[in-house]
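Q: This one is my_file27.cif, mmCIF, C-alpha atoms.
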data_upload
loop_
_atom_site.label_atom_id
_atom_site.label_comp_id
_atom_site.auth_asym_id
_atom_site.auth_seq_id
_atom_site.Cartn_x
_atom_site.Cartn_y
_atom_site.Cartn_z
CA MET V 1 187.65 61.41 118.03
CA GLU V 2 183.87 61.20 117.97
CA ARG V 3 181.86 62.25 120.99
CA GLY V 4 179.19 60.09 122.61
CA SER V 5 176.56 58.52 120.35
CA VAL V 6 173.76 60.58 121.96
CA THR V 7 173.67 64.37 121.62
CA THR V 8 170.95 66.98 122.03
CA PRO V 9 170.16 69.76 119.54
CA PHE V 10 171.24 73.36 120.01
CA GLY V 11 168.87 76.21 120.94
CA ARG V 12 165.11 75.81 121.09
CA ARG V 13 165.02 72.58 119.13
CA ALA V 14 163.45 69.85 121.28
CA MET V 15 164.86 66.36 121.70
CA THR V 16 162.48 63.59 120.54
CA LEU V 17 162.37 59.85 121.02
CA GLY V 18 162.78 59.39 117.28
CA MET V 19 166.03 61.37 117.30
CA LEU V 20 167.25 59.34 120.28
CA ALA V 21 166.44 56.05 118.54
CA SER V 22 168.26 57.17 115.38
CA GLN V 23 171.35 58.14 117.36
CA ILE V 24 171.43 54.82 119.23
CA ALA V 25 171.06 52.85 115.98
CA ALA V 26 173.80 54.91 114.33
CA GLY V 27 176.11 54.26 117.28
CA ASN V 28 175.86 50.49 116.69
CA VAL V 29 177.38 50.64 113.20
CA PRO V 30 180.70 48.73 113.02
CA PRO V 31 183.55 51.19 112.39
CA ASP V 32 184.95 49.10 109.52
CA ARG V 33 181.69 49.02 107.56
CA SER V 34 181.56 51.10 104.37
CA VAL V 35 179.01 51.69 101.61
CA ASP V 36 179.17 53.47 98.27
CA LYS V 37 177.46 56.80 98.90
CA TRP V 38 176.14 57.28 95.35
CA LYS V 39 174.71 53.76 95.06
CA LEU V 40 173.08 54.32 98.44
CA PHE V 41 171.67 57.65 97.27
CA ARG V 42 170.19 55.99 94.19
CA SER V 43 168.44 53.40 96.37
CA LEU V 44 167.06 56.25 98.48
CA CYS V 45 165.69 57.98 95.37
CA GLU V 46 163.99 54.77 94.21
CA ALA V 47 162.44 54.14 97.64
CA LYS V 48 161.56 57.75 98.54
CA THR V 49 157.82 57.00 98.73
CA VAL V 50 158.44 54.31 101.35
CA ILE V 51 160.93 56.38 103.34
CA GLY V 52 158.74 59.48 103.24
CA VAL V 53 161.03 62.17 101.82
CA SER V 54 160.50 64.57 98.93
CA ASP V 55 162.71 65.14 95.92
CA ARG V 56 163.77 68.54 97.30
CA SER V 57 164.91 66.92 100.55
CA LEU V 58 166.88 64.39 98.51
CA ALA V 59 168.52 67.27 96.64
CA VAL V 60 169.74 68.66 99.99
CA LEU V 61 170.99 65.19 100.98
CA ASN V 62 172.85 64.96 97.68
CA ALA V 63 174.58 68.26 98.50
CA LEU V 64 175.55 66.97 101.95
CA LEU V 65 177.01 63.79 100.43
CA SER V 66 179.08 65.88 98.02
CA PHE V 67 180.90 67.44 101.00
CA TYR V 68 182.05 64.01 102.23
CA PRO V 69 185.51 63.18 100.81
CA GLY V 70 185.72 59.93 98.88
CA ALA V 71 183.06 57.66 97.40
CA GLU V 72 182.78 55.28 100.39
CA LEU V 73 180.98 56.22 103.60
CA SER V 74 183.02 54.69 106.44
CA GLY V 75 183.10 55.23 110.19
CA GLU V 76 186.89 54.93 110.24
CA ASN V 77 187.23 58.33 108.52
CA GLY V 78 184.38 60.00 110.44
CA LEU V 79 180.90 60.60 109.06
CA VAL V 80 180.28 64.24 110.05
CA VAL V 81 180.16 66.95 107.37
CA PHE V 82 180.12 70.61 108.38
CA PRO V 83 179.23 72.88 105.41
CA SER V 84 177.74 76.30 105.97
CA ASN V 85 174.25 77.17 104.80
CA ALA V 86 175.76 79.41 102.12
CA GLN V 87 177.76 76.52 100.64
CA LEU V 88 174.77 74.19 100.85
CA SER V 89 172.64 76.76 99.04
CA LEU V 90 175.19 76.94 96.21
CA ARG V 91 175.26 73.16 95.78
CA THR V 92 171.45 72.99 95.79
CA HIS V 93 171.32 75.46 92.87
CA GLY V 94 170.49 78.53 94.93
CA MET V 95 167.86 77.11 97.30
CA ALA V 96 166.54 79.74 99.70
CA GLY V 97 167.77 79.63 103.29
CA THR V 98 164.34 79.03 104.84
CA THR V 99 163.64 76.23 102.35
CA LEU V 100 167.06 74.73 103.02
CA ARG V 101 166.49 74.68 106.80
CA ARG V 102 163.05 73.11 106.34
CA HIS V 103 164.42 70.24 104.25
CA LEU V 104 167.33 69.71 106.65
CA ALA V 105 164.77 69.30 109.44
CA CYS V 106 162.84 66.84 107.25
CA LEU V 107 165.99 64.72 106.76
CA VAL V 108 166.57 64.68 110.52
CA GLU V 109 162.94 63.71 111.24
CA SER V 110 163.15 60.90 108.66
CA GLY V 111 166.18 59.47 110.43
CA LEU V 112 168.53 59.92 107.46
CA ILE V 113 170.99 62.30 109.18
CA LEU V 114 171.76 63.44 112.73
CA ARG V 115 172.64 66.84 114.12
CA ARG V 116 175.97 67.11 115.92
CA ASP V 117 175.59 70.65 117.22
CA SER V 118 178.51 72.52 118.77
CA PRO V 119 178.14 74.52 122.00
CA ASN V 120 177.36 77.69 120.02
CA GLY V 121 175.41 75.99 117.20
CA LYS V 122 178.09 76.60 114.55
CA ARG V 123 179.43 73.92 112.21
CA TYR V 124 183.16 73.42 112.29
CA ALA V 125 185.89 70.84 112.97
CA ARG V 126 188.88 70.81 115.26
CA ARG V 127 192.03 69.55 113.60
CA SER V 128 195.19 68.07 115.09
CA ARG V 129 198.70 69.35 114.42
CA ASN V 130 199.04 67.12 111.36
CA GLY V 131 195.78 68.45 109.87
CA ALA V 132 193.55 65.43 110.64
CA VAL V 133 189.98 66.08 111.77
CA GLY V 134 189.71 65.39 115.49
CA GLU V 135 186.18 66.45 116.44
CA ALA V 136 183.56 67.76 114.02
CA PHE V 137 180.23 69.52 114.55
CA GLY V 138 177.64 69.49 111.79
CA PHE V 139 175.52 66.74 110.20
CA ASP V 140 176.25 63.06 110.93
CA LEU V 141 175.72 60.65 108.00
CA SER V 142 176.04 57.47 110.07
CA PRO V 143 172.26 56.64 109.86
CA LEU V 144 172.73 56.15 106.11
CA VAL V 145 175.36 53.50 106.75
CA ALA V 146 173.27 51.84 109.47
CA ARG V 147 170.14 51.61 107.24
CA ALA V 148 171.85 50.87 103.92
CA ASP V 149 170.43 47.32 103.71
CA GLU V 150 166.94 48.60 104.54
CA PHE V 151 167.05 51.15 101.72
CA LYS V 152 168.37 48.60 99.25
CA ALA V 153 165.66 46.07 100.13
CA ALA V 154 162.92 48.73 99.91
CA ALA V 155 164.12 49.80 96.47
CA ALA V 156 164.20 46.18 95.26
CA GLU V 157 160.72 45.52 96.63
CA LEU V 158 159.31 48.59 94.91
CA ALA V 159 160.96 47.57 91.63
CA ALA V 160 159.44 44.09 91.92
CA ALA V 161 156.02 45.56 92.72
CA LYS V 162 156.17 47.83 89.65
CA GLN V 163 157.25 44.92 87.49
CA TYR V 164 154.40 42.76 88.82
CA HIS V 165 151.92 45.61 88.25
CA ARG V 166 153.10 45.96 84.67
CA LEU V 167 152.82 42.19 84.17
CA MET V 168 149.22 42.14 85.45
CA ARG V 169 148.27 45.00 83.12
CA GLU V 170 149.76 43.11 80.18
CA ARG V 171 147.79 39.99 81.10
CA LEU V 172 144.62 42.07 81.40
CA SER V 173 145.17 43.53 77.92
CA LEU V 174 145.67 40.05 76.46
CA CYS V 175 142.53 38.82 78.20
CA ARG V 176 140.47 41.69 76.77
CA ARG V 177 141.75 40.95 73.28
CA ASP V 178 140.96 37.25 73.62
CA ILE V 179 137.40 37.94 74.78
CA ALA V 180 136.74 40.37 71.91
CA LYS V 181 137.93 37.81 69.34
CA LEU V 182 136.00 34.95 70.95
CA LEU V 183 132.79 37.02 71.05
CA GLU V 184 133.20 37.84 67.38
CA LEU V 185 133.68 34.17 66.59
CA LEU V 186 130.66 33.24 68.67
CA ARG V 187 128.46 35.75 66.84
CA ASP V 188 129.57 34.40 63.46
CA SER V 189 128.64 30.82 64.38
CA ASP V 190 125.40 29.49 62.88
CA LEU V 191 124.22 27.86 66.12
CA PRO V 192 122.01 29.58 68.73
CA THR V 193 124.08 31.00 71.61
CA ASP V 194 123.62 33.36 74.55
CA CYS V 195 125.98 35.93 73.08
CA GLU V 196 124.13 39.09 74.12
CA ARG V 197 124.46 38.43 77.85
CA GLN V 198 128.19 37.80 77.54
CA GLN V 199 128.59 40.90 75.39
CA ARG V 200 126.93 43.03 78.08
CA ARG V 201 129.19 41.46 80.72
CA TYR V 202 132.25 42.25 78.62
CA GLU V 203 131.16 45.88 78.18
CA GLU V 204 130.71 46.22 81.95
CA LEU V 205 134.23 44.91 82.57
CA SER V 206 135.75 47.06 79.80
CA ALA V 207 135.25 50.33 81.66
CA PRO V 208 138.40 52.53 81.52
CA LEU V 209 140.89 51.73 84.27
CA SER V 210 142.86 54.53 85.91
CA ARG V 211 146.57 54.65 85.13
CA LYS V 212 147.29 54.78 88.86
CA ALA V 213 144.86 52.03 89.81
CA PRO V 214 146.26 49.79 92.59
CA VAL V 215 147.39 46.31 91.67
CA SER V 216 144.54 44.79 93.69
CA ASP V 217 141.99 46.42 91.35
CA VAL V 218 143.89 45.14 88.32
CA GLU V 219 143.98 41.61 89.77
CA THR V 220 140.24 41.66 90.52
CA LEU V 221 139.39 42.86 87.01
CA HIS V 222 141.76 40.29 85.47
CA ASP V 223 140.14 37.45 87.42
CA ALA V 224 136.68 38.50 86.23
CA MET V 225 137.90 38.78 82.64
CA ALA V 226 139.60 35.40 82.87
CA GLU V 227 136.37 33.82 84.11
CA LEU V 228 134.45 35.29 81.15
CA ARG V 229 137.12 34.08 78.74
CA THR V 230 136.88 30.59 80.19
CA ASP V 231 133.10 30.58 79.76
CA LEU V 232 133.43 31.64 76.11
CA SER V 233 136.10 29.01 75.46
CA ASN V 234 133.94 26.27 76.98
CA GLN V 235 130.91 27.33 74.96
CA LEU V 236 132.89 27.37 71.71
CA GLU V 237 134.38 23.98 72.55
CA LYS V 238 130.89 22.55 73.03
CA LEU V 239 129.81 24.00 69.68
CA LEU V 240 132.86 22.49 68.01
CA ASN V 241 132.21 19.07 69.58
CA SER V 242 128.57 19.14 68.53
CA LYS V 243 129.58 19.84 64.93
CA LYS V 244 132.09 16.99 64.97
CA MET V 245 129.53 14.55 66.40
CA GLY V 246 126.97 15.59 63.77
CA ALA V 247 129.47 15.03 60.97
CA ASN V 248 130.39 11.59 62.32
CA ASP V 249 126.70 10.61 62.61
CA ARG V 250 126.09 11.53 59.01
CA HIS V 251 129.10 9.60 57.70
CA ASN V 252 129.30 6.58 60.00
CA GLY V 253 125.95 6.39 61.70
CA GLN V 254 127.60 6.56 65.12
CA HIS V 255 130.22 8.53 67.01
CA ILE V 256 133.56 6.77 67.35
CA GLN V 257 135.58 7.97 70.32
CA SER V 258 139.31 8.46 70.11
CA SER V 259 141.40 5.42 70.97
CA HIS V 260 143.86 7.72 72.72
CA PRO V 261 141.82 9.57 75.32
CA ASP V 262 144.79 10.85 77.31
CA SER V 263 145.68 14.39 76.39
CA GLN V 264 149.28 15.28 75.67
CA PHE V 265 148.91 18.51 77.64
CA GLU V 266 148.57 19.07 81.37
CA SER V 267 146.87 21.88 83.24
CA GLU V 268 150.05 22.35 85.30
CA PRO V 269 153.12 20.51 83.94
CA GLY V 270 154.94 18.19 86.29
CA LEU V 271 158.69 18.05 86.63
CA GLY V 272 160.58 16.54 83.73
CA LYS V 273 157.61 16.56 81.32
CA GLY V 274 157.54 20.08 79.91
CA SER V 275 154.50 21.46 78.13
CA GLY V 276 153.41 21.81 74.55
CA LYS V 277 156.14 22.54 72.05
CA PHE V 278 158.78 22.70 74.78
CA SER V 279 158.49 19.00 75.72
CA ALA V 280 161.22 18.18 73.26
CA GLY V 281 163.37 20.93 74.73
CA ALA V 282 162.92 19.44 78.19
CA GLN V 283 164.10 16.04 76.95
CA SER V 284 167.10 17.71 75.37
CA CYS V 285 167.94 19.30 78.71
CA ASN V 286 167.81 15.90 80.40
CA ALA V 287 170.10 14.41 77.80
CA ASP V 288 172.64 17.26 77.72
CA PRO V 289 172.34 19.49 80.78
CA VAL V 290 174.28 22.72 81.14
CA THR V 291 176.55 22.10 84.11
CA PRO V 292 177.18 25.14 86.34
CA THR V 293 180.94 24.56 86.35
CA ALA V 294 181.24 24.44 82.55
CA LYS V 295 182.91 27.35 80.79
CA LEU V 296 180.55 29.72 79.01
CA SER V 297 182.48 29.46 75.75
CA GLU V 298 182.19 25.66 75.78
CA VAL V 299 178.48 25.83 76.56
CA SER V 300 177.89 28.32 73.76
CA THR V 301 179.83 26.10 71.33
CA ARG V 302 177.67 23.09 72.31
CA ILE V 303 174.51 25.15 71.81
CA ASP V 304 175.59 26.35 68.35
CA SER V 305 176.51 22.81 67.25
CA GLN V 306 173.17 21.28 68.28
CA GLN V 307 170.39 20.69 65.77
CA PRO V 308 166.93 22.15 66.45
CA VAL V 309 165.05 19.81 68.76
CA SER V 310 161.56 21.07 67.98
CA SER V 311 159.52 21.09 64.84
CA VAL V 312 158.59 24.72 65.48
CA SER V 313 160.66 27.26 63.56
CA PRO V 314 162.97 29.38 65.76
CA SER V 315 161.64 32.49 64.07
CA LEU V 316 158.25 32.01 65.66
CA PRO V 317 157.54 33.92 68.90
CA ILE V 318 158.23 31.91 72.05
CA SER V 319 155.55 31.91 74.75
CA ARG V 320 156.88 30.93 78.18
CA LEU V 321 154.46 32.79 80.41
CA ALA V 322 153.01 29.62 81.96
CA ARG V 323 154.46 28.49 85.29
CA GLU V 324 156.30 25.21 84.86
CA ILE V 325 156.89 24.42 88.53
CA PRO V 326 154.43 24.59 91.47
CA LEU V 327 155.65 26.97 94.15
CA PRO V 328 155.86 24.34 96.99
CA VAL V 329 157.98 22.08 94.78
CA LEU V 330 160.34 24.96 93.96
CA LEU V 331 160.74 25.94 97.62
CA SER V 332 161.52 22.34 98.59
CA ALA V 333 164.26 22.18 95.94
CA CYS V 334 165.59 25.74 96.50
CA PRO V 335 165.01 26.68 100.16
CA GLN V 336 167.66 29.44 100.22
CA ILE V 337 165.51 31.81 98.14
CA ALA V 338 163.03 32.09 101.05
CA ASP V 339 165.61 34.02 103.12
CA TYR V 340 165.37 36.94 100.65
CA GLY V 341 161.58 37.19 100.57
CA PRO V 342 159.55 39.78 102.50
CA GLN V 343 159.89 39.08 106.25
CA GLY V 344 162.26 36.22 105.38
CA ARG V 345 159.64 33.90 103.84
CA ILE V 346 157.83 33.26 100.54
CA THR V 347 154.10 32.53 100.52
CA ASN V 348 153.11 33.34 96.93
CA TRP V 349 154.57 34.04 93.51
CA LYS V 350 154.66 37.79 94.14
CA ASP V 351 157.01 37.20 97.09
CA LEU V 352 159.18 35.01 94.84
CA LEU V 353 159.44 37.79 92.22
CA THR V 354 160.49 40.24 94.95
CA ALA V 355 163.13 37.82 96.28
CA ALA V 356 164.42 37.15 92.74
CA VAL V 357 165.10 40.86 92.18
CA VAL V 358 167.06 41.02 95.46
CA VAL V 359 169.06 37.86 94.64
CA ARG V 360 169.66 39.06 91.09
CA THR V 361 171.25 42.25 92.46
CA MET V 362 173.28 40.27 95.02
CA LEU V 363 174.64 37.90 92.32
CA ASN V 364 175.57 40.87 90.08
CA VAL V 365 173.26 39.70 87.29
CA SER V 366 172.67 42.64 84.97
CA THR V 367 169.22 44.09 84.47
CA ASP V 368 169.40 43.38 80.73
CA ALA V 369 170.14 39.69 81.31
CA TYR V 370 167.27 39.30 83.78
CA ASP V 371 164.80 41.22 81.60
CA ASP V 372 165.78 39.06 78.62
CA ALA V 373 165.13 35.92 80.68
CA CYS V 374 161.73 37.29 81.77
CA THR V 375 160.83 37.97 78.14
CA VAL V 376 161.76 34.47 76.94
CA LEU V 377 160.82 32.34 79.96
CA GLY V 378 158.20 34.47 81.71
CA GLN V 379 158.38 36.23 85.08
CA GLU V 380 157.78 33.18 87.27
CA ASN V 381 160.09 30.85 85.34
CA ALA V 382 162.89 33.44 85.29
CA ALA V 383 162.55 33.80 89.08
CA THR V 384 162.70 30.00 89.35
CA VAL V 385 165.99 29.96 87.41
CA ILE V 386 167.41 32.64 89.74
CA ALA V 387 166.46 30.46 92.74
CA CYS V 388 168.24 27.47 91.18
CA ILE V 389 171.34 29.56 90.43
CA LEU V 390 171.37 30.73 94.07
CA GLU V 391 171.40 27.08 95.24
CA ARG V 392 174.47 26.38 93.10
CA ALA V 393 176.12 29.80 93.48
CA ASP V 394 179.31 28.24 94.86
CA CYS V 395 179.75 26.28 91.59
CA ILE V 396 178.89 29.10 89.14
CA SER V 397 181.66 31.58 88.43
CA SER V 398 179.50 33.96 86.38
CA PRO V 399 175.78 33.85 87.27
CA GLY V 400 174.95 36.53 84.72
CA GLY V 401 176.66 34.69 81.88
CA TYR V 402 175.11 31.41 82.99
CA LEU V 403 171.62 33.00 82.91
CA ARG V 404 172.27 34.34 79.40
CA VAL V 405 173.28 30.85 78.21
CA LEU V 406 170.08 29.33 79.63
CA THR V 407 168.03 32.12 78.04
CA ALA V 408 169.67 31.44 74.68
CA ARG V 409 168.81 27.74 74.99
CA ALA V 410 165.22 28.57 75.88
CA ARG V 411 164.95 30.86 72.87
CA ARG V 412 166.10 27.92 70.72
CA GLN V 413 163.53 25.73 72.51
CA ALA V 414 166.30 23.61 74.00
CA PHE V 415 165.82 24.39 77.68
CA SER V 416 163.11 23.81 80.29
CA VAL V 417 163.07 24.80 83.94
CA ALA V 418 161.65 21.47 85.09
CA PRO V 419 164.79 19.29 84.67
CA MET V 420 166.91 21.87 86.55
CA VAL V 421 164.57 21.82 89.56
CA ALA V 422 164.28 18.03 89.36
CA ALA V 423 168.07 17.70 89.61
CA LEU V 424 168.16 19.91 92.71
CA ARG V 425 165.32 17.91 94.28
CA ARG V 426 167.18 14.66 93.68
CA ALA V 427 170.29 16.17 95.22
CA ARG V 428 168.31 17.14 98.34
CA GLY V 429 166.34 13.88 98.41
CA ALA V 430 162.96 15.69 98.43
CA SER V 431 159.85 13.55 98.75
CA MET V 432 157.12 16.03 97.70
CA PRO V 433 155.04 14.99 94.62
CA LEU V 434 156.39 16.39 91.36
CA ALA V 435 153.19 18.13 90.30
CA SER V 436 150.09 19.29 92.06
#
Would it be possible to restate this file's structure as C-alpha cells?
A:
Amino acid sequence: MERGSVTTPFGRRAMTLGMLASQIAAGNVPPDRSVDKWKLFRSLCEAKTVIGVSDRSLAVLNALLSFYPGAELSGENGLVVFPSNAQLSLRTHGMAGTTLRRHLACLVESGLILRRDSPNGKRYARRSRNGAVGEAFGFDLSPLVARADEFKAAAAELAAAKQYHRLMRERLSLCRRDIAKLLELLRDSDLPTDCERQQRRYEELSAPLSRKAPVSDVETLHDAMAELRTDLSNQLEKLLNSKKMGANDRHNGQHIQSSHPDSQFESEPGLGKGSGKFSAGAQSCNADPVTPTAKLSEVSTRIDSQQPVSSVSPSLPISRLAREIPLPVLLSACPQIADYGPQGRITNWKDLLTAAVVVRTMLNVSTDAYDDACTVLGQENAATVIACILERADCISSPGGYLRVLTARARRQAFSVAPMVAALRRARGASMPLAS
C-alpha cells in the first residue's frame, strides 16, 4: 500500500512549497487512470522548452521509465520505481554519479517526479508473501500521470506554432519574389513611374532575416512587404488602364465602359459562392455532397466516376491558400472547436490552427493526411475542415479517411469548404451574415 501523499526528503534536503504542491496534485490522480509512458515521454521531449528541462534530464527520466514494468503508467500497480544509482548510470550510458544526481534533482524541481525516501534514504520495496510490492521507496512517477494532458497540449501548441512560423516564412518568400518581378515589370514599362523610391524601399526590407527570428518579426516584415506589393500592383493596374483608355480613344473616339461592371471575384468569398476557378467545384459540392455516414469506398467510386467540373487541367498546381470562410462565421457553425483553443477560446486564426492540431490528434487523423490537406486546401481551410469534422464526429466512422476523400476532391477541384460550413449553419439555424 502507498503511504500518505505528502512526504519529506531524507537528509539535508529542504522541503519546498513546489514539492508540496506537486505531491498534492499527484495524490489527486484517480487510481484507475493510465497513460502510455512512451507516448507521454515523446510529448515531454517535444515540449521540453516549455517545461524547462534539458535533454540530459530527459535521458535520466527515460531510464527511470524503463524500470517501470509494462507500457502503461497506472496507479493501480503503483508508480514508484527504486533503481540504484549504479543501475541508473548503466541505463544512461555511463553517466557520472554527480551528473546523475544533479539531473534527478532537476526532474524533482520541475515537478516531473517525486522523492519517496525511506527512513535511511535507501531505495527498496517491501514485498508480501506472494511477492507483490507492498510499500516502495524511490522515485514516484505519479506527477507524469497527473500532468499528461498538460504535456500533450503543450506539445501540440508548440507544433502548431512551428507550423505557423514556417507558413509565415513561406508567405514572406512569395511576397519578396512578387515584388522583385513587379519592380522589373515596372522598370520595363515605357511610362514615367516612381520606381527608384520603391526599389530603395524593397532593398531596405530585403535585409537578411535571422533563422531564429521570432514570428512577430516575420509578421511585421511580411505586412510591410505586402503593403509594398499592393502599391506596385495598384500602380501597374493604373498604367494598364491608361493604355487601354488611350487605345479606345484612338479607335472609337471615346471610352466605352463595360456593360458588366460587377466583378466575378470577391475580396473575401461568401458561403456557397467559392472563388476563382473553384466556383464550379463549390457548385458540384452543393449538388453532390459527401455525406459523413457514407462508406469511403462508395465515396471514392463516386469521385472516380465524375467528370471534371472545371475548365482548368488537373495537372496544374492548385492554390488554396486563401481563406474561404470568415472566422466568426466558422465559429458560429462549429462552436465545439473553441473548447480546444488556448485557454478554451479562439480569437484569431493562429488559435484555430493550434486547436486543429489538438483535435486532429484526438480524432486519430494521421499527420500525413492533415499535411496533405494543408498542402491542397491551405492551413486555414484545412483547420476549417477539421472543425466541421469535429461537429459531425458522431456520424463519421473514420475521420482520417473522410479527410483524405475531401482532399482528393479538392485536388480534382470538386470540393469547397463553403458548402460544408453552410450546411452546418443551416442545421444550427445561425443568423450571422454569410460573408464579412
Q: Can you list, as a list in words, every protein, DNA or RNA residue that comes within 8 Å of V:Val421 when you count only C-alpha atoms, leaving out same-chain residues fewer than 4 positions away?
A: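 Here the qualifying residues turn out to be Leu271, Leu330, Ala333, Cys388, Val417 and Arg425 of chain V.
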Q: When you draw a straight line from atom CA of V:Ala369 to atom CA of V:Arg404, how long is it in Å?
A: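 Going from atom CA of V:Ala369 over to atom CA of V:Arg404, I get 6.1 Å.
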Q: Name the residues that the PyMOL selection byres ((chain V and resi 220-222) around 8) picks from the file above, as a PyMOL selection string, using the file's chain letters and numbers.
A: chain V and resi 168+171-172+175+205+216-219+223-226
Q: List the neighbours of V:Ile389 out to 9 Å using all atoms listed in the file; skip same-chain residues closer than 4 positions along the sequence, and give me the result as a PyMOL selection string.
A: chain V and resi 292+384-385+393+396+399+402-403
Q: Name every residue that the PyMOL selection byres ((chain V and resi 62-68) around 12) selects in this structure, writing the answer as a PyMOL selection string with chains first and numbers rising.
A: chain V and resi 36-42+44-45+55-61+69-75+77-95+100+103-104+107+112-114+138-142+144
Q: Pick out the closest residue to V:Arg426 from this set: V:Asp231, V:Val329, V:Leu182, V:Tyr202. Count all atoms listed in the file.
A: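 Using all atoms listed in the file, the shortest distance to V:Arg426 belongs to V:Val329.
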Q: I want to know what sits within 8 Å of V:Val357, based on only C-alpha atoms, with residues of the same chain fewer than 2 positions away left out; could you give that as a PyMOL selection string?
A: chain V and resi 156-157+159-160+353-355+359-361
Q: So what do you get for atom CA of V:Asp178 versus atom CA of V:Ala373, distance-wise?
A: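 Between atom CA of V:Asp178 and atom CA of V:Ala373 the gap is 25.2 Å.
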Q: Counting only C-alpha atoms, what is within 12 Å of V:Asp194, bar same-chain residues fewer than 3 positions away, as a list in words?
A: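 Skipping anything fewer than 3 positions along the chain leaves Leu183, Leu186, Arg187, Ser189, Leu191, Arg197, Gln198, Gln199, Arg200, Arg201, Asp231, Leu232, Gln235 and Leu236 of chain V.
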Q: What is the atom CA of V:Arg428 to atom CA of V:Ser332 distance in Å?
A: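 The value is 8.6 Å.
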